[in-house]
>>> print(open('model.pdb').read())   # PDB, C-alpha atoms
ATOM      1  CA  MET A   1     103.046  92.993 123.531
ATOM      2  CA  ARG A   2      99.376  93.017 122.471
ATOM      3  CA  THR A   3     100.492  93.414 118.857
ATOM      4  CA  ALA A   4     103.529  91.108 119.001
ATOM      5  CA  LEU A   5     101.592  88.044 120.236
ATOM      6  CA  PRO A   6      99.035  87.909 117.373
ATOM      7  CA  LEU A   7     101.831  88.649 114.883
ATOM      8  CA  ALA A   8     104.026  85.819 116.172
ATOM      9  CA  ALA A   9     101.061  83.423 116.384
ATOM     10  CA  GLY A  10     100.026  84.287 112.829
ATOM     11  CA  ALA A  11     103.520  83.877 111.372
ATOM     12  CA  GLY A  12     104.036  80.577 113.176
ATOM     13  CA  PHE A  13     100.664  79.339 111.980
ATOM     14  CA  VAL A  14     101.550  79.976 108.318
ATOM     15  CA  VAL A  15     104.883  78.149 108.597
ATOM     16  CA  PHE A  16     103.618  75.126 110.519
ATOM     17  CA  TRP A  17     100.385  74.814 108.532
ATOM     18  CA  SER A  18     102.478  74.638 105.353
ATOM     19  CA  CYS A  19     104.489  71.820 106.930
ATOM     20  CA  GLY A  20     101.349  69.678 106.896
ATOM     21  CA  PHE A  21     101.189  69.654 103.077
ATOM     22  CA  ILE A  22     104.891  68.844 102.833
ATOM     23  CA  GLY A  23     104.518  66.034 105.379
ATOM     24  CA  ALA A  24     101.567  64.613 103.454
ATOM     25  CA  ARG A  25     103.596  64.461 100.254
ATOM     26  CA  TRP A  26     106.551  62.985 102.075
ATOM     27  CA  GLY A  27     104.579  60.293 103.902
ATOM     28  CA  THR A  28     102.375  59.182 101.003
ATOM     29  CA  GLU A  29     105.515  58.218  99.081
ATOM     30  CA  TYR A  30     105.703  55.206 101.426
ATOM     31  CA  THR A  31     102.069  54.275 102.126
ATOM     32  CA  ASN A  32      98.439  55.279 101.631
ATOM     33  CA  ALA A  33      96.783  58.359 103.134
ATOM     34  CA  PHE A  34      94.716  56.553 105.790
ATOM     35  CA  ASP A  35      97.681  54.528 107.011
ATOM     36  CA  LEU A  36      99.780  57.702 107.300
ATOM     37  CA  LEU A  37      97.041  59.530 109.203
ATOM     38  CA  ALA A  38      96.485  56.530 111.495
ATOM     39  CA  TRP A  39     100.160  56.490 112.490
ATOM     40  CA  ARG A  40     100.250  60.276 112.798
ATOM     41  CA  PHE A  41      97.397  60.352 115.263
ATOM     42  CA  LEU A  42      98.480  57.202 117.076
ATOM     43  CA  VAL A  43     101.627  59.080 118.096
ATOM     44  CA  ALA A  44      99.834  62.394 118.631
ATOM     45  CA  GLY A  45      97.032  60.678 120.568
ATOM     46  CA  ALA A  46      99.494  58.891 122.866
ATOM     47  CA  LEU A  47     101.190  62.206 123.686
ATOM     48  CA  ALA A  48      97.783  63.826 124.154
ATOM     49  CA  ALA A  49      96.692  61.120 126.598
ATOM     50  CA  VAL A  50      99.775  61.730 128.752
ATOM     51  CA  ILE A  51      99.211  65.504 128.742
ATOM     52  CA  LEU A  52      95.534  65.148 129.673
ATOM     53  CA  ALA A  53      96.387  62.653 132.445
ATOM     54  CA  VAL A  54      98.812  65.152 133.941
ATOM     55  CA  ARG A  55      96.629  68.243 133.511
ATOM     56  CA  ARG A  56      93.276  66.620 134.403
ATOM     57  CA  PRO A  57      91.235  69.488 132.901
ATOM     58  CA  SER A  58      87.642  70.103 133.903
ATOM     59  CA  ILE A  59      85.590  70.029 130.703
ATOM     60  CA  THR A  60      81.832  70.485 130.466
ATOM     61  CA  ARG A  61      79.649  68.178 128.417
ATOM     62  CA  ARG A  62      78.908  71.017 125.983
ATOM     63  CA  ASP A  63      82.611  71.757 125.453
ATOM     64  CA  LEU A  64      83.382  68.059 125.010
ATOM     65  CA  SER A  65      80.661  67.846 122.369
ATOM     66  CA  THR A  66      82.201  70.855 120.615
ATOM     67  CA  GLN A  67      85.641  69.223 120.560
ATOM     68  CA  VAL A  68      84.214  65.979 119.159
ATOM     69  CA  TRP A  69      82.586  67.852 116.289
ATOM     70  CA  MET A  70      85.697  69.994 115.763
ATOM     71  CA  ALA A  71      87.859  66.862 115.543
ATOM     72  CA  PHE A  72      85.513  65.235 113.055
ATOM     73  CA  LEU A  73      85.154  68.300 110.819
ATOM     74  CA  THR A  74      88.581  69.949 110.952
ATOM     75  CA  GLN A  75      90.744  66.848 111.228
ATOM     76  CA  CYS A  76      88.895  63.706 110.144
ATOM     77  CA  VAL A  77      87.042  65.263 107.194
ATOM     78  CA  TYR A  78      89.574  67.971 106.275
ATOM     79  CA  LEU A  79      92.780  65.960 106.674
ATOM     80  CA  GLY A  80      91.257  62.730 105.390
ATOM     81  CA  LEU A  81      90.224  64.299 102.078
ATOM     82  CA  ILE A  82      93.321  66.510 101.755
ATOM     83  CA  PHE A  83      95.719  63.587 102.260
ATOM     84  CA  THR A  84      93.670  61.376  99.930
ATOM     85  CA  GLY A  85      93.881  64.033  97.236
ATOM     86  CA  ILE A  86      97.675  64.253  97.590
ATOM     87  CA  ASP A  87      97.872  60.452  97.604
ATOM     88  CA  HIS A  88      96.067  60.461  94.233
ATOM     89  CA  GLY A  89      98.511  62.852  92.625
ATOM     90  CA  ILE A  90      97.331  66.372  93.464
ATOM     91  CA  SER A  91     100.425  68.399  94.261
ATOM     92  CA  ALA A  92     100.994  69.946  97.672
ATOM     93  CA  GLY A  93     100.923  73.459  96.181
ATOM     94  CA  LEU A  94      97.613  72.988  94.396
ATOM     95  CA  THR A  95      96.069  71.359  97.458
ATOM     96  CA  ALA A  96      97.197  74.358  99.489
ATOM     97  CA  LEU A  97      95.569  76.599  96.865
ATOM     98  CA  VAL A  98      92.179  74.939  97.333
ATOM     99  CA  GLY A  99      92.549  75.221 101.104
ATOM    100  CA  SER A 100      93.386  78.907 100.836
ATOM    101  CA  LEU A 101      89.943  79.598  99.374
ATOM    102  CA  GLN A 102      88.640  79.249 102.934
ATOM    103  CA  PRO A 103      88.730  83.021 103.639
ATOM    104  CA  LEU A 104      86.098  83.766 101.004
ATOM    105  CA  LEU A 105      83.811  81.038 102.351
ATOM    106  CA  ILE A 106      84.388  82.194 105.927
ATOM    107  CA  ALA A 107      83.745  85.824 104.987
ATOM    108  CA  THR A 108      80.530  84.840 103.232
ATOM    109  CA  VAL A 109      79.069  83.214 106.335
ATOM    110  CA  ALA A 110      80.911  85.175 109.074
ATOM    111  CA  GLY A 111      78.378  87.993 109.094
ATOM    112  CA  PRO A 112      75.103  86.072 109.496
ATOM    113  CA  LEU A 113      76.519  83.218 111.598
ATOM    114  CA  LEU A 114      79.256  84.798 113.721
ATOM    115  CA  GLY A 115      78.335  88.468 113.797
ATOM    116  CA  GLU A 116      81.728  89.422 112.370
ATOM    117  CA  ARG A 117      81.580  92.413 110.054
ATOM    118  CA  VAL A 118      83.559  92.118 106.817
ATOM    119  CA  SER A 119      84.384  95.580 105.481
ATOM    120  CA  ARG A 120      84.862  96.597 101.869
ATOM    121  CA  PRO A 121      88.690  96.801 102.140
ATOM    122  CA  GLN A 122      88.687  93.320 103.664
ATOM    123  CA  TRP A 123      86.602  91.981 100.773
ATOM    124  CA  ILE A 124      89.115  93.570  98.378
ATOM    125  CA  GLY A 125      91.951  91.927 100.313
ATOM    126  CA  LEU A 126      90.245  88.516 100.231
ATOM    127  CA  ALA A 127      89.633  88.757  96.477
ATOM    128  CA  THR A 128      93.233  89.880  95.944
ATOM    129  CA  GLY A 129      94.402  86.804  97.819
ATOM    130  CA  VAL A 130      92.529  84.526  95.410
ATOM    131  CA  VAL A 131      94.404  86.158  92.534
ATOM    132  CA  GLY A 132      97.697  85.737  94.375
ATOM    133  CA  VAL A 133      97.334  82.038  95.123
ATOM    134  CA  GLY A 134      96.132  81.460  91.564
ATOM    135  CA  LEU A 135      99.376  82.952  90.261
ATOM    136  CA  VAL A 136     101.474  80.894  92.684
ATOM    137  CA  VAL A 137     100.229  77.552  91.343
ATOM    138  CA  LEU A 138      99.313  78.650  87.818
ATOM    139  CA  ASP A 139     101.724  76.191  86.204
ATOM    140  CA  ASP A 140     100.508  73.337  88.395
ATOM    141  CA  LEU A 141      96.880  73.162  87.230
ATOM    142  CA  HIS A 142      96.627  69.683  85.745
ATOM    143  CA  GLY A 143      94.952  66.359  86.415
ATOM    144  CA  SER A 144      91.349  65.152  86.481
ATOM    145  CA  PRO A 145      88.891  67.859  87.587
ATOM    146  CA  LEU A 146      86.998  65.303  89.684
ATOM    147  CA  LEU A 147      90.037  64.906  91.947
ATOM    148  CA  PHE A 148      89.604  68.490  93.085
ATOM    149  CA  LEU A 149      86.370  67.463  94.815
ATOM    150  CA  LEU A 150      88.541  65.791  97.466
ATOM    151  CA  PRO A 151      90.402  68.881  98.759
ATOM    152  CA  PHE A 152      87.314  71.038  98.221
ATOM    153  CA  GLY A 153      85.242  68.665 100.385
ATOM    154  CA  GLY A 154      87.962  68.844 103.019
ATOM    155  CA  LEU A 155      87.854  72.640 102.804
ATOM    156  CA  LEU A 156      84.125  72.627 103.542
ATOM    157  CA  GLY A 157      84.785  70.545 106.664
ATOM    158  CA  LEU A 158      87.362  73.077 107.864
ATOM    159  CA  VAL A 159      85.020  76.005 107.206
ATOM    160  CA  VAL A 160      82.104  74.427 109.088
ATOM    161  CA  GLY A 161      84.374  73.462 111.988
ATOM    162  CA  THR A 162      85.825  76.982 112.207
ATOM    163  CA  CYS A 163      82.369  78.551 112.286
ATOM    164  CA  LEU A 164      81.238  76.007 114.890
ATOM    165  CA  ASP A 165      84.154  76.868 117.178
ATOM    166  CA  ARG A 166      83.574  80.614 116.878
ATOM    167  CA  ARG A 167      79.808  80.296 117.370
ATOM    168  CA  ARG A 168      79.840  77.976 120.388
ATOM    169  CA  LYS A 169      82.788  79.789 122.058
ATOM    170  CA  SER A 170      84.176  76.800 123.893
ATOM    171  CA  ALA A 171      85.880  77.577 127.200
ATOM    172  CA  THR A 172      88.409  74.743 126.677
ATOM    173  CA  ASN A 173      91.925  76.134 126.350
ATOM    174  CA  SER A 174      93.913  75.514 123.181
ATOM    175  CA  LEU A 175      96.198  72.787 124.581
ATOM    176  CA  ASP A 176      93.358  70.705 126.024
ATOM    177  CA  ALA A 177      91.310  71.159 122.840
ATOM    178  CA  LEU A 178      94.225  69.977 120.708
ATOM    179  CA  CYS A 179      94.747  66.933 122.921
ATOM    180  CA  LEU A 180      91.078  65.954 122.868
ATOM    181  CA  GLN A 181      90.866  66.341 119.099
ATOM    182  CA  SER A 182      94.041  64.292 118.618
ATOM    183  CA  LEU A 183      92.622  61.429 120.686
ATOM    184  CA  ILE A 184      89.334  61.477 118.805
ATOM    185  CA  SER A 185      91.150  61.573 115.452
ATOM    186  CA  ALA A 186      93.375  58.650 116.494
ATOM    187  CA  VAL A 187      90.333  56.467 117.151
ATOM    188  CA  PHE A 188      88.727  57.520 113.866
ATOM    189  CA  PHE A 189      91.705  57.007 111.540
ATOM    190  CA  VAL A 190      92.933  53.771 113.126
ATOM    191  CA  ALA A 191      89.428  52.310 112.848
ATOM    192  CA  LEU A 192      89.097  53.577 109.267
ATOM    193  CA  ALA A 193      92.484  52.234 108.144
ATOM    194  CA  ALA A 194      91.941  48.867 109.865
ATOM    195  CA  SER A 195      88.416  48.387 108.522
ATOM    196  CA  THR A 196      89.568  49.074 104.949
ATOM    197  CA  ASP A 197      92.664  46.816 105.235
ATOM    198  CA  GLN A 198      94.990  49.800 104.778
ATOM    199  CA  LEU A 199      96.671  49.730 108.191
ATOM    200  CA  THR A 200     100.274  48.541 107.805
ATOM    201  CA  VAL A 201     103.632  48.634 109.584
ATOM    202  CA  PRO A 202     105.995  50.242 107.041
ATOM    203  CA  SER A 203     109.672  49.308 107.271
ATOM    204  CA  GLU A 204     111.160  52.422 105.636
ATOM    205  CA  PRO A 205     112.735  54.897 108.091
ATOM    206  CA  GLY A 206     111.578  57.759 105.874
ATOM    207  CA  PHE A 207     107.954  56.948 106.684
ATOM    208  CA  TYR A 208     108.504  57.407 110.403
ATOM    209  CA  GLY A 209     110.421  60.588 109.704
ATOM    210  CA  ALA A 210     107.294  61.895 107.973
ATOM    211  CA  VAL A 211     105.142  60.822 110.940
ATOM    212  CA  VAL A 212     107.371  62.696 113.401
ATOM    213  CA  TRP A 213     107.340  65.728 111.069
ATOM    214  CA  LEU A 214     103.527  65.692 110.960
ATOM    215  CA  VAL A 215     103.089  65.193 114.711
ATOM    216  CA  LEU A 216     105.517  67.890 115.828
ATOM    217  CA  LEU A 217     105.152  70.503 113.106
ATOM    218  CA  ALA A 218     101.684  69.973 111.627
ATOM    219  CA  THR A 219      99.652  68.750 114.632
ATOM    220  CA  GLY A 220     101.501  70.470 117.462
ATOM    221  CA  GLY A 221     102.511  73.587 115.563
ATOM    222  CA  GLY A 222      99.904  73.998 112.829
ATOM    223  CA  TRP A 223      96.708  72.871 114.554
ATOM    224  CA  GLY A 224      97.828  74.218 117.924
ATOM    225  CA  LEU A 225      98.420  77.703 116.523
ATOM    226  CA  TYR A 226      95.189  77.482 114.508
ATOM    227  CA  LEU A 227      93.243  77.103 117.752
ATOM    228  CA  VAL A 228      95.317  79.845 119.411
ATOM    229  CA  ASN A 229      94.649  82.245 116.535
ATOM    230  CA  LEU A 230      90.925  81.480 116.633
ATOM    231  CA  LYS A 231      90.885  82.762 120.211
ATOM    232  CA  LEU A 232      93.074  85.802 119.456
ATOM    233  CA  SER A 233      91.209  87.049 116.374
ATOM    234  CA  GLY A 234      88.068  86.577 114.306
ATOM    235  CA  ALA A 235      87.537  83.755 111.860
ATOM    236  CA  THR A 236      87.848  86.086 108.852
ATOM    237  CA  ARG A 237      91.218  87.493 109.891
ATOM    238  CA  ILE A 238      92.815  84.176 110.850
ATOM    239  CA  SER A 239      91.547  82.660 107.597
ATOM    240  CA  SER A 240      93.200  85.452 105.600
ATOM    241  CA  LEU A 241      96.581  84.038 106.680
ATOM    242  CA  LEU A 242      95.849  80.922 104.630
ATOM    243  CA  TYR A 243      96.657  82.976 101.533
ATOM    244  CA  LEU A 244     100.297  82.824 102.607
ATOM    245  CA  VAL A 245     100.284  79.017 102.868
ATOM    246  CA  PRO A 246     100.580  78.130  99.124
ATOM    247  CA  PRO A 247     103.653  80.325  98.526
ATOM    248  CA  THR A 248     105.208  79.112 101.777
ATOM    249  CA  THR A 249     104.545  75.516 100.736
ATOM    250  CA  MET A 250     106.207  76.234  97.383
ATOM    251  CA  VAL A 251     109.298  77.530  99.177
ATOM    252  CA  PHE A 252     109.481  74.405 101.358
ATOM    253  CA  ALA A 253     109.008  72.202  98.282
ATOM    254  CA  TYR A 254     111.913  73.987  96.625
ATOM    255  CA  LEU A 255     114.172  73.521  99.645
ATOM    256  CA  LEU A 256     113.210  69.916 100.389
ATOM    257  CA  PHE A 257     112.273  68.487  96.984
ATOM    258  CA  HIS A 258     114.223  70.856  94.702
ATOM    259  CA  GLU A 259     111.093  72.105  92.939
ATOM    260  CA  THR A 260     111.735  75.373  91.112
ATOM    261  CA  ILE A 261     109.685  78.544  91.624
ATOM    262  CA  GLY A 262     108.976  80.523  88.456
ATOM    263  CA  PRO A 263     108.642  84.292  88.086
ATOM    264  CA  VAL A 264     104.839  84.067  87.992
ATOM    265  CA  ALA A 265     104.881  82.337  91.385
ATOM    266  CA  VAL A 266     107.112  85.069  92.787
ATOM    267  CA  ILE A 267     104.563  87.684  91.669
ATOM    268  CA  GLY A 268     101.852  85.603  93.307
ATOM    269  CA  VAL A 269     103.761  85.606  96.597
ATOM    270  CA  LEU A 270     103.865  89.409  96.538
ATOM    271  CA  VAL A 271     100.149  89.613  95.716
ATOM    272  CA  CYS A 272      99.355  87.285  98.640
ATOM    273  CA  ALA A 273     101.347  89.521 100.965
ATOM    274  CA  VAL A 274      99.383  92.555  99.781
ATOM    275  CA  ALA A 275      96.108  90.696 100.350
ATOM    276  CA  VAL A 276      96.935  89.888 103.966
ATOM    277  CA  LEU A 277      98.102  93.459 104.572
ATOM    278  CA  LEU A 278      94.783  94.779 103.265
ATOM    279  CA  VAL A 279      92.790  92.603 105.652
ATOM    280  CA  ARG A 280      95.021  93.330 108.654
ATOM    281  CA  LEU A 281      95.451  97.058 107.932
ATOM    282  CA  ASP A 282      91.702  97.605 107.761
ATOM    283  CA  GLU A 283      91.356  95.963 111.179
ATOM    284  CA  ARG A 284      93.971  98.286 112.725
ATOM    285  CA  VAL A 285      92.482 101.394 111.094
ATOM    286  CA  GLY A 286      89.066 100.422 112.449
ATOM    287  CA  ARG A 287      90.438 100.068 115.984
ATOM    288  CA  ALA A 288      92.244 103.412 115.712
ATOM    289  CA  LEU A 289      89.103 105.194 114.534
ATOM    290  CA  ALA A 290      87.071 103.630 117.341
ATOM    291  CA  THR A 291      89.665 104.796 119.878
ATOM    292  CA  LEU A 292      89.616 108.301 118.405
ATOM    293  CA  ARG A 293      85.824 108.459 118.584
ATOM    294  CA  GLY A 294      85.912 107.306 122.183
ATOM    295  CA  TRP A 295      88.513 110.002 123.040
ATOM    296  CA  ARG A 296      86.477 112.751 121.389
ATOM    297  CA  ASN A 297      83.205 111.502 122.881
ATOM    298  CA  PRO A 298      84.084 109.734 126.157
ATOM    299  CA  ASP A 299      80.569 109.652 127.610
ATOM    300  CA  GLY A 300      78.905 108.276 124.502
ATOM    301  CA  TRP A 301      76.968 111.503 123.774
ATOM    302  CA  THR A 302      76.216 112.297 120.188
ATOM    303  CA  ARG A 303      76.225 115.656 118.468
ATOM    304  CA  ARG A 304      72.452 115.556 118.520
ATOM    305  CA  ASN A 305      72.230 114.726 122.199
ATOM    306  CA  ARG A 306      74.889 116.492 124.268
ATOM    307  CA  TRP A 307      72.568 116.805 127.263
ATOM    308  CA  PRO A 308      70.313 114.083 128.589
ATOM    309  CA  GLY A 309      66.801 114.673 127.324
ATOM    310  CA  ALA A 310      67.791 117.416 124.871
ATOM    311  CA  ARG A 311      66.312 117.316 121.361
ATOM    312  CA  SER A 312      68.974 119.377 119.682
ATOM    313  CA  SER A 313      72.692 120.062 119.975
ATOM    314  CA  ARG A 314      72.004 123.487 121.602
ATOM    315  CA  PRO A 315      70.227 124.322 124.838
ATOM    316  CA  SER A 316      66.757 125.864 124.543
ATOM    317  CA  GLY A 317      66.773 129.625 124.145
ATOM    318  CA  TRP A 318      69.807 129.758 121.829
TER     319      TRP A 318
END
>>> encode(input="model.pdb", output="structure tokens")
Amino acid sequence: MRTALPLAAGAGFVVFWSCGFIGARWGTEYTNAFDLLAWRFLVAGALAAVILAVRRPSITRRDLSTQVWMAFLTQCVYLGLIFTGIDHGISAGLTALVGSLQPLLIATVAGPLLGERVSRPQWIGLATGVVGVGLVVLDDLHGSPLLFLLPFGGLLGLVVGTCLDRRRKSATNSLDALCLQSLISAVFFVALAASTDQLTVPSEPGFYGAVVWLVLLATGGGWGLYLVNLKLSGATRISSLLYLVPPTTMVFAYLLFHETIGPVAVIGVLVCAVAVLLVRLDERVGRALATLRGWRNPDGWTRRNRWPGARSSRPSGW
């Protein structure tokens, strides 16, 4: 059970997180990015308000401050720039590629900021993942280089928000945190869309289908499981799952938009799978070795100190 829960949460996270990129492409066919996000969080925020009214959680001022910053960084900044990039022509697969670079940024700062050790096999796995996602979207690298500043800026917001959550260790459970962040994001995006004259009432049914898709699958599933995984594992290990998002997004794009997947992309999918296995396998090996050391040395004595106060591994007189 202890292994099955993180596995199920990780697999669900990859699937639902990929749905966010598909929903962004779907919705921006009918309107602009800010209008789509405003409607997404209007619906999500209304549901969140009902849930919070029923649950009436007790939240400290510190935890509330953490959720405000998390909403701004991981939803307002990240989603705002990601959706804007897609609205300006960056494909869902390439946007997912930029987002999947998060593990390297997380690993770079995880040690000094979060106290999470990144081992050599994990570094190899993270670097392998970069190669994998590069192969997946190799044929999709086109457009103005300046446009890539949009998803990259969003990525930085997600990285900072992830580190903030892990460092402050908020006691708010995942459901309440998701509801609070949805309400905060609703206020932000509605105000942003209205102030820039981009808030509309689209008449196409497809637009509202995209909104429902984003609320249920991306917000409820993707962001909900992101917060769950942050509590179940370290920032480095949950971020490694993002390497599986670009190939998963490509599969969804093929099924929903009839986009073909070339042989190079298939190789990239396999490389991404190897990368995640490297990161996860090293974690399990480390736990097994720690358990073995504890079994062989249950009282914490070392070979140099088998008796309290002794200076050598043998008693005096030997």
>>> resolve_selection(input="model.pdb", expression="the PyMOL selection byres ((chain A and resi 74-83) around 10)", output="ChimeraX atom specification")
/A:20-21,23-25,27-28,32-34,36-37,69-73,84-88,90,92,95-96,98-99,148-162,181-182,184-186,188-189,219,223
>>> residues_around(input="model.pdb", residues="Leu256 of chain A", least_positions_apart="2", cutoff="12 Å", atoms="only C-alpha atoms", output="NGL selection string")
:A and (19 or 22-23 or 25-26 or 249-254 or 258-260)
>>> closest_residue(input="model.pdb", among="A:Leu225, A:Val211, A:Leu230, A:Leu199", to="Gly12 of chain A", atoms="all atoms listed in the file")
A:Leu225
>>> closest_residue(input="model.pdb", among="A:Ala177, A:Gly134, A:Pro6, A:Ile106", to="Ile51 of chain A", atoms="all atoms listed in the file")
A:Ala177
>>> atom_distance(input="model.pdb", atom1="atom CA of Thr196 of chain A", atom2="atom CA of Leu42 of chain A")
17.1 Å
>>> residues_near_point(input="model.pdb", point="(101.6, 92.4, 101.1)", cutoff="12 Å", atoms="all atoms listed in the file", output="list in words")
Gly125, Thr128, Gly129, Gly132, Ser240, Leu241, Tyr243, Leu244, Ile267, Gly268, Val269, Leu270, Val271, Cys272, Ala273, Val274, Ala275, Val276, Leu277, Leu278, Val279, Arg280 and Leu281 of chain A
>>> atom_distance(input="model.pdb", atom1="atom CA of Trp39 of chain A", atom2="atom CA of Gln102 of chain A")
27.2 Å
>>> closest_residue(input="model.pdb", among="A:Thr60, A:Ser100, A:Ser65, A:Ser195", to="Thr248 of chain A", atoms="all atoms listed in the file")
A:Ser100
>>> closest_residue(input="model.pdb", among="A:Pro103, A:Pro263, A:Gln198, A:Trp17", to="Ile124 of chain A", atoms="only C-alpha atoms")
A:Pro103
>>> closest_residue(input="model.pdb", among="A:Val131, A:Cys163, A:Tyr30, A:Ala191", to="Gly206 of chain A", atoms="all atoms listed in the file")
A:Tyr30
>>> closest_residue(input="model.pdb", among="A:Val215, A:Gly262, A:Leu192, A:Leu164", to="Asp35 of chain A", atoms="only C-alpha atoms")
A:Leu192
>>> resolve_selection(input="model.pdb", expression="the PyMOL selection byres ((chain A and resi 229) around 8)", output="PyMOL selection string")
chain A and resi 6+9-10+225-228+230-233+238
>>> write_last_selection(input="model.pdb", atoms="C-alpha atoms", output="mmCIF file, in the frame of the given file")
data_model
loop_
_atom_site.group_PDB
_atom_site.id
_atom_site.type_symbol
_atom_site.label_atom_id
_atom_site.label_comp_id
_atom_site.auth_asym_id
_atom_site.auth_seq_id
_atom_site.Cartn_x
_atom_site.Cartn_y
_atom_site.Cartn_z
ATOM 1 C CA PRO A 6 99.035 87.909 117.373
ATOM 2 C CA ALA A 9 101.061 83.423 116.384
ATOM 3 C CA GLY A 10 100.026 84.287 112.829
ATOM 4 C CA LEU A 225 98.420 77.703 116.523
ATOM 5 C CA TYR A 226 95.189 77.482 114.508
ATOM 6 C CA LEU A 227 93.243 77.103 117.752
ATOM 7 C CA VAL A 228 95.317 79.845 119.411
ATOM 8 C CA LEU A 230 90.925 81.480 116.633
ATOM 9 C CA LYS A 231 90.885 82.762 120.211
ATOM 10 C CA LEU A 232 93.074 85.802 119.456
ATOM 11 C CA SER A 233 91.209 87.049 116.374
ATOM 12 C CA ILE A 238 92.815 84.176 110.850
#
>>> axis_aligned_box(input="model.pdb", around="segment 206-216 of chain A", padding_each_side="4 Å", output="AutoDock Vina command-line options")
--center_x 107.3 --center_y 62.4 --center_z 110.9 --size_x 16.5 --size_y 18.9 --size_z 18.0
>>> atom_distance(input="model.pdb", atom1="atom CA of Ala46 of chain A", atom2="atom CA of Gly222 of chain A")
18.1 Å
